[in-house]
Amino acid sequence: MKAGILYDAKTISVGDAPMPQVRAGEVLIQSGYAGICGTDLHIYRGEFHDRVSYPAIQGHEFGGVVVEVAPDVTGIAVGDRVAVDPILSCHACPACLTGHINACRSLKLLGVDLDGGYGQFVAAPASHVFHLPDSVPMVHAPMVEMYGLGHHILQRGRVQPGETVVLLGAGKLGLSILDVLCHTASPGLTIAVDLQPFRLDTARTLGADYAINPAEVDPVAFVNELTDGAGADCVIEAIGHYHLVEGQEAPLAQAVKMMRNGGRIVTAGLGEQLSAVHFKTLVIKEAEIIASRVTLGEFPRAIRMMAKGLLHPDLLITHQMPMRDVTDAFAIVDRDAADTIKIVLDVQDA
């Protein structure tokens, strides 16, 4: 089969790969579309060198059509349209045994630790395959994982209807969270913060009450003034690697200052930078910093929301490209092109 193969840091192209073999409990999927996300970019840049070995077939956000089913699998048939949850847990470590399978000590992901959706065919556990309704176009399948992340992050932050929520970062992840927040969680007030005007415009279109550029407006002062000094109920950090604005602090430090007493911060970015935090302020506010990692069973909920038309993947998918152009696609993401949010790859067009 053909696959988008990462041969070394920043060296990705289409090549030949062996066909996956279906084992007991698995199905074989002909991959349709696969997304490029922030984690894929980190892997591409060589930042996962201690975890990902070359050559690697990435793609953990993907869907496709079932073409083979192991004899012991029931409930799934050849021809089914599906989205795939890439998270494989051991179900035996302390994290798994207490329900945190997404924080498994030996967590593996299809498309990260194992071959994923950039291959034209993928073997996946039947337990991780979810039927995709006909009302959800296959090109939207990579967004199931993104919207699952959005649901999980909001759940981790215990966001309630009517609350004031600040999103630091309006990239692929931040806008996915915002879409879920505005159209399924009934916030009272939403503020998106980002340096890119195109992303801020998209945030407004998705329903953000305010979308501000920290290079033009001090976000801490803005949020505190908007809330009459009370602060936000929940601040979600979805930036990862950040660019400091002169005279301002790192996003996590800003989050502590703009959060209300007794409020919550959810941090979901995977940046390598260290951030100073005002722990005295955090203690005085008796506030919480909560981490959020991947998803925890939110795929069916995300699919239901997409099937009902509540979410807006067409606004977030700015580029559809053939897998044969995977080199160019990653170059676009790597340079953080201003008009780019989400790129999805047509895997069969290799």
# chains A, B, ... in the order shown; residues from 1 in each chain; ligands from 1
>>> residues_around(residues="Asp72 (chain A)", least_positions_apart="2", cutoff="12 Å", atoms="only C-alpha atoms", output="list of chain:residue names")
A:Val22, A:Arg23, A:Ala24, A:Gly25, A:Glu26, A:Val27, A:Glu68, A:Val69, A:Ala70, A:Thr74, A:Gly75, A:Ile76, A:Ala77, A:Pro125, A:Ala126, A:Ser127
>>> closest_atom_pairs(of="region 299-342 of chain A", to="region 202-218 of chain A", cutoff="12 Å", atoms="only C-alpha atoms", output="JSON lines")
{"residue": "A:Leu310", "atom": "CA", "partner": "A:Leu206", "partner_atom": "CA", "distance": 10.9}
{"residue": "A:Leu311", "atom": "CA", "partner": "A:Leu206", "partner_atom": "CA", "distance": 9.0}
{"residue": "A:His312", "atom": "CA", "partner": "A:Leu206", "partner_atom": "CA", "distance": 7.8}
{"residue": "A:Pro313", "atom": "CA", "partner": "A:Leu206", "partner_atom": "CA", "distance": 10.4}
{"residue": "A:Asp314", "atom": "CA", "partner": "A:Thr202", "partner_atom": "CA", "distance": 11.0}
{"residue": "A:Leu315", "atom": "CA", "partner": "A:Thr202", "partner_atom": "CA", "distance": 7.2}
{"residue": "A:Leu316", "atom": "CA", "partner": "A:Thr202", "partner_atom": "CA", "distance": 8.0}
{"residue": "A:Ile317", "atom": "CA", "partner": "A:Thr202", "partner_atom": "CA", "distance": 11.2}
{"residue": "A:Thr318", "atom": "CA", "partner": "A:Thr202", "partner_atom": "CA", "distance": 10.8}
{"residue": "A:Ala338", "atom": "CA", "partner": "A:Thr202", "partner_atom": "CA", "distance": 12.0}
{"residue": "A:Asp339", "atom": "CA", "partner": "A:Thr202", "partner_atom": "CA", "distance": 10.4}
{"residue": "A:Thr340", "atom": "CA", "partner": "A:Thr202", "partner_atom": "CA", "distance": 10.9}
{"residue": "A:Ile341", "atom": "CA", "partner": "A:Thr202", "partner_atom": "CA", "distance": 9.4}
>>> residues_around(residues="region 111-119 of chain A", least_positions_apart="5", cutoff="7 Å", atoms="only C-alpha atoms", output="list in words")
Lys2, Ala3, Gly4, Ser31, Ala34, Arg51, Val52, Ala56, Ile57, Gln58, Gly59, His60, Phe62 and Val347 of chain A
>>> write_last_selection(atoms="N, CA, C and O atoms", output="compact mmCIF listing (two decimals), in the first residue's frame")
# COMPACT_ATOMS: atom_id res chain seq x y z
N LYS A 2 0.29 2.38 -0.33
CA LYS A 2 0.97 3.66 -0.22
C LYS A 2 0.67 4.28 1.15
O LYS A 2 -0.39 4.05 1.75
N ALA A 3 1.60 5.08 1.62
CA ALA A 3 1.43 5.74 2.91
C ALA A 3 2.25 7.01 2.95
O ALA A 3 3.29 7.11 2.28
N GLY A 4 1.79 7.97 3.74
CA GLY A 4 2.61 9.12 4.06
C GLY A 4 3.57 8.71 5.15
O GLY A 4 3.15 8.42 6.28
N SER A 31 -8.45 3.70 4.87
CA SER A 31 -8.46 5.07 5.39
C SER A 31 -8.98 6.05 4.35
O SER A 31 -8.58 5.99 3.18
N ALA A 34 -7.45 11.81 6.82
CA ALA A 34 -6.71 11.89 8.08
C ALA A 34 -6.25 13.32 8.28
O ALA A 34 -5.87 14.00 7.32
N ARG A 51 10.09 8.55 21.52
CA ARG A 51 8.87 7.74 21.49
C ARG A 51 8.56 7.20 20.10
O ARG A 51 8.07 6.07 19.96
N VAL A 52 8.83 8.00 19.08
CA VAL A 52 8.49 7.62 17.70
C VAL A 52 9.76 7.25 16.95
O VAL A 52 10.70 8.04 16.87
N ALA A 56 7.97 6.18 10.24
CA ALA A 56 6.72 6.19 10.99
C ALA A 56 5.56 6.58 10.08
O ALA A 56 5.70 7.45 9.23
N ILE A 57 4.42 5.92 10.29
CA ILE A 57 3.19 6.27 9.57
C ILE A 57 2.27 6.93 10.58
O ILE A 57 1.70 6.28 11.45
N GLN A 58 2.18 8.27 10.48
CA GLN A 58 1.40 9.04 11.43
C GLN A 58 -0.10 8.98 11.09
O GLN A 58 -0.53 8.19 10.27
N GLY A 59 -0.85 9.85 11.75
CA GLY A 59 -2.27 9.96 11.48
C GLY A 59 -3.13 9.31 12.54
O GLY A 59 -3.54 8.16 12.39
N HIS A 60 -3.39 10.04 13.63
CA HIS A 60 -4.27 9.48 14.68
C HIS A 60 -5.69 10.05 14.62
O HIS A 60 -6.55 9.62 15.38
N PHE A 62 -8.56 10.01 12.07
CA PHE A 62 -8.91 9.49 10.75
C PHE A 62 -10.19 8.66 10.81
O PHE A 62 -10.66 8.24 11.87
N VAL A 347 -6.33 10.30 1.88
CA VAL A 347 -5.29 9.27 1.97
C VAL A 347 -5.22 8.42 0.72
O VAL A 347 -4.13 8.01 0.30
>>> select_by_dssp(residues="region 87-170 of chain A", states="strand (DSSP E)", output="JSON, numbers by chain")
{"A": [87, 88, 108, 109, 121, 122, 123, 124, 125, 129, 130, 131, 164, 165, 166, 167, 168]}
>>> write_last_selection(atoms="all heavy atoms", output="compact mmCIF listing (two decimals), in the first residue's frame")
# COMPACT_ATOMS: atom_id res chain seq x y z
N ILE A 87 -6.66 5.55 20.81
CA ILE A 87 -6.02 5.38 22.12
C ILE A 87 -6.07 3.92 22.56
O ILE A 87 -7.14 3.34 22.72
CB ILE A 87 -6.71 6.26 23.16
CG1 ILE A 87 -6.59 7.73 22.77
CG2 ILE A 87 -6.13 6.02 24.54
CD1 ILE A 87 -7.47 8.64 23.58
N LEU A 88 -4.90 3.33 22.78
CA LEU A 88 -4.79 1.94 23.23
C LEU A 88 -4.16 1.92 24.61
O LEU A 88 -3.01 2.33 24.79
CB LEU A 88 -3.96 1.13 22.24
CG LEU A 88 -4.39 1.20 20.76
CD1 LEU A 88 -3.45 0.36 19.90
CD2 LEU A 88 -5.82 0.76 20.59
N LYS A 108 -0.51 3.88 24.17
CA LYS A 108 -0.07 3.90 22.78
C LYS A 108 -1.20 4.44 21.92
O LYS A 108 -2.38 4.21 22.21
CB LYS A 108 0.34 2.50 22.32
CG LYS A 108 1.56 1.94 23.05
CD LYS A 108 2.01 0.64 22.45
CE LYS A 108 3.16 0.03 23.25
NZ LYS A 108 4.32 0.92 23.34
N LEU A 109 -0.83 5.16 20.87
CA LEU A 109 -1.80 5.70 19.93
C LEU A 109 -1.50 5.21 18.52
O LEU A 109 -0.33 5.21 18.10
CB LEU A 109 -1.79 7.23 19.93
CG LEU A 109 -2.70 7.95 20.93
CD1 LEU A 109 -2.15 7.83 22.34
CD2 LEU A 109 -2.83 9.42 20.55
N PHE A 121 -4.36 1.63 4.40
CA PHE A 121 -5.10 0.64 5.19
C PHE A 121 -4.56 0.62 6.61
O PHE A 121 -3.35 0.75 6.82
CB PHE A 121 -5.00 -0.75 4.55
CG PHE A 121 -5.64 -0.83 3.19
CD1 PHE A 121 -4.91 -0.56 2.04
CD2 PHE A 121 -6.98 -1.17 3.07
CE1 PHE A 121 -5.49 -0.62 0.79
CE2 PHE A 121 -7.58 -1.24 1.81
CZ PHE A 121 -6.84 -0.96 0.68
N VAL A 122 -5.46 0.45 7.58
CA VAL A 122 -5.08 0.47 8.99
C VAL A 122 -5.82 -0.66 9.71
O VAL A 122 -7.04 -0.79 9.55
CB VAL A 122 -5.44 1.80 9.68
CG1 VAL A 122 -4.91 1.82 11.11
CG2 VAL A 122 -4.92 2.98 8.89
N ALA A 123 -5.11 -1.45 10.50
CA ALA A 123 -5.75 -2.43 11.37
C ALA A 123 -6.00 -1.78 12.72
O ALA A 123 -5.10 -1.16 13.29
CB ALA A 123 -4.86 -3.66 11.53
N ALA A 124 -7.24 -1.92 13.21
CA ALA A 124 -7.60 -1.28 14.48
C ALA A 124 -8.48 -2.21 15.30
O ALA A 124 -9.25 -3.01 14.74
CB ALA A 124 -8.34 0.04 14.22
N PRO A 125 -8.40 -2.13 16.63
CA PRO A 125 -9.29 -2.94 17.47
C PRO A 125 -10.75 -2.59 17.18
O PRO A 125 -11.11 -1.41 17.08
CB PRO A 125 -8.90 -2.54 18.89
CG PRO A 125 -7.53 -1.95 18.77
CD PRO A 125 -7.48 -1.30 17.43
N VAL A 129 -13.66 1.30 17.15
CA VAL A 129 -14.24 1.73 15.88
C VAL A 129 -15.69 2.13 16.10
O VAL A 129 -16.46 1.39 16.72
CB VAL A 129 -14.14 0.60 14.84
CG1 VAL A 129 -14.96 0.91 13.61
CG2 VAL A 129 -12.68 0.37 14.45
N PHE A 130 -16.07 3.31 15.60
CA PHE A 130 -17.41 3.84 15.82
C PHE A 130 -18.08 4.16 14.49
O PHE A 130 -17.48 4.79 13.62
CB PHE A 130 -17.35 5.10 16.69
CG PHE A 130 -16.80 4.84 18.07
CD1 PHE A 130 -15.43 4.94 18.30
CD2 PHE A 130 -17.62 4.46 19.11
CE1 PHE A 130 -14.91 4.67 19.56
CE2 PHE A 130 -17.11 4.19 20.37
CZ PHE A 130 -15.75 4.30 20.59
N HIS A 131 -19.32 3.72 14.36
CA HIS A 131 -20.05 3.95 13.11
C HIS A 131 -20.22 5.44 12.86
O HIS A 131 -20.56 6.20 13.77
CB HIS A 131 -21.41 3.26 13.17
CG HIS A 131 -21.33 1.77 13.11
ND1 HIS A 131 -21.41 0.98 14.25
CD2 HIS A 131 -21.15 0.93 12.07
CE1 HIS A 131 -21.29 -0.29 13.90
NE2 HIS A 131 -21.13 -0.36 12.59
N THR A 164 -18.43 32.11 32.61
CA THR A 164 -17.51 32.87 31.77
C THR A 164 -16.28 32.01 31.52
O THR A 164 -15.63 31.55 32.46
CB THR A 164 -17.09 34.19 32.46
OG1 THR A 164 -18.24 35.02 32.60
CG2 THR A 164 -16.02 34.91 31.66
N VAL A 165 -15.98 31.79 30.23
CA VAL A 165 -14.88 30.90 29.85
C VAL A 165 -13.93 31.67 28.93
O VAL A 165 -14.36 32.30 27.96
CB VAL A 165 -15.40 29.65 29.13
CG1 VAL A 165 -14.24 28.73 28.76
CG2 VAL A 165 -16.40 28.90 30.01
N VAL A 166 -12.64 31.59 29.23
CA VAL A 166 -11.61 32.19 28.39
C VAL A 166 -10.83 31.07 27.72
O VAL A 166 -10.40 30.12 28.38
CB VAL A 166 -10.65 33.07 29.20
CG1 VAL A 166 -9.55 33.65 28.29
CG2 VAL A 166 -11.40 34.19 29.90
N LEU A 167 -10.63 31.20 26.41
CA LEU A 167 -9.82 30.26 25.65
C LEU A 167 -8.53 30.94 25.24
O LEU A 167 -8.56 31.89 24.45
CB LEU A 167 -10.57 29.77 24.42
CG LEU A 167 -11.42 28.52 24.59
CD1 LEU A 167 -12.37 28.38 23.41
CD2 LEU A 167 -10.54 27.29 24.70
N LEU A 168 -7.42 30.49 25.77
CA LEU A 168 -6.12 31.00 25.37
C LEU A 168 -5.61 30.11 24.23
O LEU A 168 -5.24 28.96 24.45
CB LEU A 168 -5.15 30.98 26.54
CG LEU A 168 -5.57 31.80 27.77
CD1 LEU A 168 -4.52 31.67 28.88
CD2 LEU A 168 -5.77 33.26 27.40
>>> closest_residue(among="A:Glu61, A:Glu272, A:Glu237, A:Asp8", to="Ile289 (chain A)", atoms="only C-alpha atoms")
A:Glu237
>>> atom_distance(atom1="CA of Glu288 (chain A)", atom2="CA of Gly262 (chain A)")
7.4 Å
>>> select_by_dssp(residues="region 115-147 of chain A", states="alpha helix (DSSP H)", output="PyMOL selection string")
chain A and resi 142-147
>>> write_last_selection(atoms="N, CA, C and O atoms", output="PDB file, in the first residue's frame")
ATOM      1  N   PRO A 142     -11.873  13.165  10.512  1.00  0.00           N
ATOM      2  CA  PRO A 142     -10.778  13.533  11.412  1.00  0.00           C
ATOM      3  C   PRO A 142     -11.188  14.480  12.538  1.00  0.00           C
ATOM      4  O   PRO A 142     -10.495  14.567  13.558  1.00  0.00           O
ATOM      5  N   MET A 143     -12.301  15.190  12.361  1.00  0.00           N
ATOM      6  CA  MET A 143     -12.741  16.135  13.387  1.00  0.00           C
ATOM      7  C   MET A 143     -13.416  15.452  14.567  1.00  0.00           C
ATOM      8  O   MET A 143     -13.618  16.081  15.607  1.00  0.00           O
ATOM      9  N   VAL A 144     -13.770  14.176  14.424  1.00  0.00           N
ATOM     10  CA  VAL A 144     -14.381  13.468  15.558  1.00  0.00           C
ATOM     11  C   VAL A 144     -13.426  13.472  16.742  1.00  0.00           C
ATOM     12  O   VAL A 144     -13.811  13.737  17.883  1.00  0.00           O
ATOM     13  N   GLU A 145     -12.163  13.188  16.476  1.00  0.00           N
ATOM     14  CA  GLU A 145     -11.171  13.195  17.559  1.00  0.00           C
ATOM     15  C   GLU A 145     -11.007  14.587  18.138  1.00  0.00           C
ATOM     16  O   GLU A 145     -10.931  14.755  19.366  1.00  0.00           O
ATOM     17  N   MET A 146     -10.996  15.611  17.287  1.00  0.00           N
ATOM     18  CA  MET A 146     -10.835  16.982  17.769  1.00  0.00           C
ATOM     19  C   MET A 146     -12.018  17.403  18.636  1.00  0.00           C
ATOM     20  O   MET A 146     -11.847  18.026  19.698  1.00  0.00           O
ATOM     21  N   TYR A 147     -13.218  17.080  18.208  1.00  0.00           N
ATOM     22  CA  TYR A 147     -14.392  17.432  19.010  1.00  0.00           C
ATOM     23  C   TYR A 147     -14.480  16.574  20.272  1.00  0.00           C
ATOM     24  O   TYR A 147     -14.991  17.028  21.303  1.00  0.00           O
TER      25      TYR A 147
END
>>> closest_residue(among="A:Val82, A:Thr39, A:Ala291, A:Gly148", to="His128 (chain A)", atoms="only C-alpha atoms")
A:Val82
>>> atom_distance(atom1="CA of Val180 (chain A)", atom2="CA of Ile236 (chain A)")
13.2 Å
>>> atom_distance(atom1="CA of Pro197 (chain A)", atom2="CA of Val245 (chain A)")
15.2 Å
>>> closest_residue(among="A:Gly247, A:Gly32, A:Gly64, A:Gly157", to="Asp80 (chain A)", atoms="only C-alpha atoms")
A:Gly64
>>> decode(residues="region 196-223 of chain A", atoms="N, CA, C and O atoms", output="tab-separated table (two decimals), in the first residue's frame")
chain	number	residue	atom	x	y	z
A	196	GLN	N	-3.35	35.49	15.80
A	196	GLN	CA	-3.64	35.44	14.37
A	196	GLN	C	-5.03	36.02	14.06
A	196	GLN	O	-6.04	35.49	14.53
A	197	PRO	N	-5.12	37.07	13.27
A	197	PRO	CA	-6.42	37.68	12.94
A	197	PRO	C	-7.40	36.71	12.31
A	197	PRO	O	-8.59	36.74	12.61
A	198	PHE	N	-6.92	35.83	11.41
A	198	PHE	CA	-7.82	34.88	10.75
A	198	PHE	C	-8.47	33.95	11.77
A	198	PHE	O	-9.67	33.65	11.69
A	199	ARG	N	-7.70	33.49	12.73
A	199	ARG	CA	-8.24	32.61	13.76
A	199	ARG	C	-9.23	33.36	14.65
A	199	ARG	O	-10.25	32.79	15.06
A	200	LEU	N	-8.94	34.62	14.93
A	200	LEU	CA	-9.87	35.41	15.74
A	200	LEU	C	-11.18	35.63	15.00
A	200	LEU	O	-12.27	35.58	15.59
A	201	ASP	N	-11.11	35.86	13.69
A	201	ASP	CA	-12.33	36.01	12.89
A	201	ASP	C	-13.14	34.71	12.93
A	201	ASP	O	-14.38	34.74	13.04
A	202	THR	N	-12.46	33.57	12.83
A	202	THR	CA	-13.15	32.29	12.90
A	202	THR	C	-13.78	32.09	14.26
A	202	THR	O	-14.91	31.57	14.37
A	203	ALA	N	-13.08	32.50	15.31
A	203	ALA	CA	-13.64	32.39	16.67
A	203	ALA	C	-14.93	33.19	16.78
A	203	ALA	O	-15.92	32.73	17.38
A	204	ARG	N	-14.94	34.38	16.22
A	204	ARG	CA	-16.17	35.20	16.25
A	204	ARG	C	-17.30	34.52	15.49
A	204	ARG	O	-18.45	34.50	15.94
A	205	THR	N	-16.96	33.94	14.34
A	205	THR	CA	-17.97	33.25	13.53
A	205	THR	C	-18.55	32.06	14.29
A	205	THR	O	-19.75	31.77	14.20
A	206	LEU	N	-17.71	31.38	15.06
A	206	LEU	CA	-18.17	30.23	15.84
A	206	LEU	C	-19.00	30.63	17.04
A	206	LEU	O	-19.68	29.78	17.63
A	207	GLY	N	-18.96	31.91	17.42
A	207	GLY	CA	-19.81	32.35	18.52
A	207	GLY	C	-19.13	32.97	19.71
A	207	GLY	O	-19.79	33.29	20.71
A	208	ALA	N	-17.80	33.17	19.63
A	208	ALA	CA	-17.12	33.84	20.75
A	208	ALA	C	-17.68	35.25	20.92
A	208	ALA	O	-17.85	35.98	19.95
A	209	ASP	N	-17.99	35.62	22.15
A	209	ASP	CA	-18.49	36.97	22.41
A	209	ASP	C	-17.41	38.01	22.17
A	209	ASP	O	-17.69	39.11	21.69
A	210	TYR	N	-16.18	37.66	22.50
A	210	TYR	CA	-15.04	38.55	22.28
A	210	TYR	C	-13.88	37.70	21.75
A	210	TYR	O	-13.66	36.57	22.21
A	211	ALA	N	-13.14	38.24	20.80
A	211	ALA	CA	-11.94	37.59	20.28
A	211	ALA	C	-10.86	38.65	20.21
A	211	ALA	O	-10.96	39.61	19.44
A	212	ILE	N	-9.84	38.52	21.05
A	212	ILE	CA	-8.87	39.60	21.22
A	212	ILE	C	-7.45	39.14	20.88
A	212	ILE	O	-7.10	37.98	21.05
A	213	ASN	N	-6.68	40.09	20.39
A	213	ASN	CA	-5.28	39.85	20.06
A	213	ASN	C	-4.43	40.39	21.21
A	213	ASN	O	-4.47	41.59	21.51
A	214	PRO	N	-3.64	39.54	21.89
A	214	PRO	CA	-2.85	40.01	23.03
A	214	PRO	C	-1.76	41.01	22.66
A	214	PRO	O	-1.23	41.69	23.54
A	215	ALA	N	-1.44	41.11	21.38
A	215	ALA	CA	-0.48	42.13	20.94
A	215	ALA	C	-1.12	43.51	20.92
A	215	ALA	O	-0.43	44.53	20.88
A	216	GLU	N	-2.46	43.54	20.97
A	216	GLU	CA	-3.19	44.81	20.94
A	216	GLU	C	-3.89	45.12	22.25
A	216	GLU	O	-4.10	46.30	22.58
A	217	VAL	N	-4.27	44.08	22.99
A	217	VAL	CA	-5.03	44.24	24.22
A	217	VAL	C	-4.44	43.34	25.29
A	217	VAL	O	-4.16	42.16	25.03
A	218	ASP	N	-4.24	43.84	26.49
A	218	ASP	CA	-3.77	43.03	27.61
A	218	ASP	C	-4.91	42.10	28.01
A	218	ASP	O	-5.94	42.56	28.52
A	219	PRO	N	-4.78	40.79	27.78
A	219	PRO	CA	-5.91	39.89	28.06
A	219	PRO	C	-6.30	39.83	29.53
A	219	PRO	O	-7.49	39.67	29.84
A	220	VAL	N	-5.34	39.94	30.43
A	220	VAL	CA	-5.67	39.90	31.86
A	220	VAL	C	-6.53	41.11	32.24
A	220	VAL	O	-7.59	40.97	32.88
A	221	ALA	N	-6.09	42.29	31.83
A	221	ALA	CA	-6.85	43.50	32.13
A	221	ALA	C	-8.22	43.46	31.47
A	221	ALA	O	-9.23	43.87	32.05
A	222	PHE	N	-8.27	42.93	30.24
A	222	PHE	CA	-9.53	42.87	29.49
A	222	PHE	C	-10.54	41.98	30.20
A	222	PHE	O	-11.70	42.37	30.40
A	223	VAL	N	-10.11	40.79	30.60
A	223	VAL	CA	-11.03	39.85	31.26
A	223	VAL	C	-11.48	40.39	32.61
A	223	VAL	O	-12.66	40.32	32.95
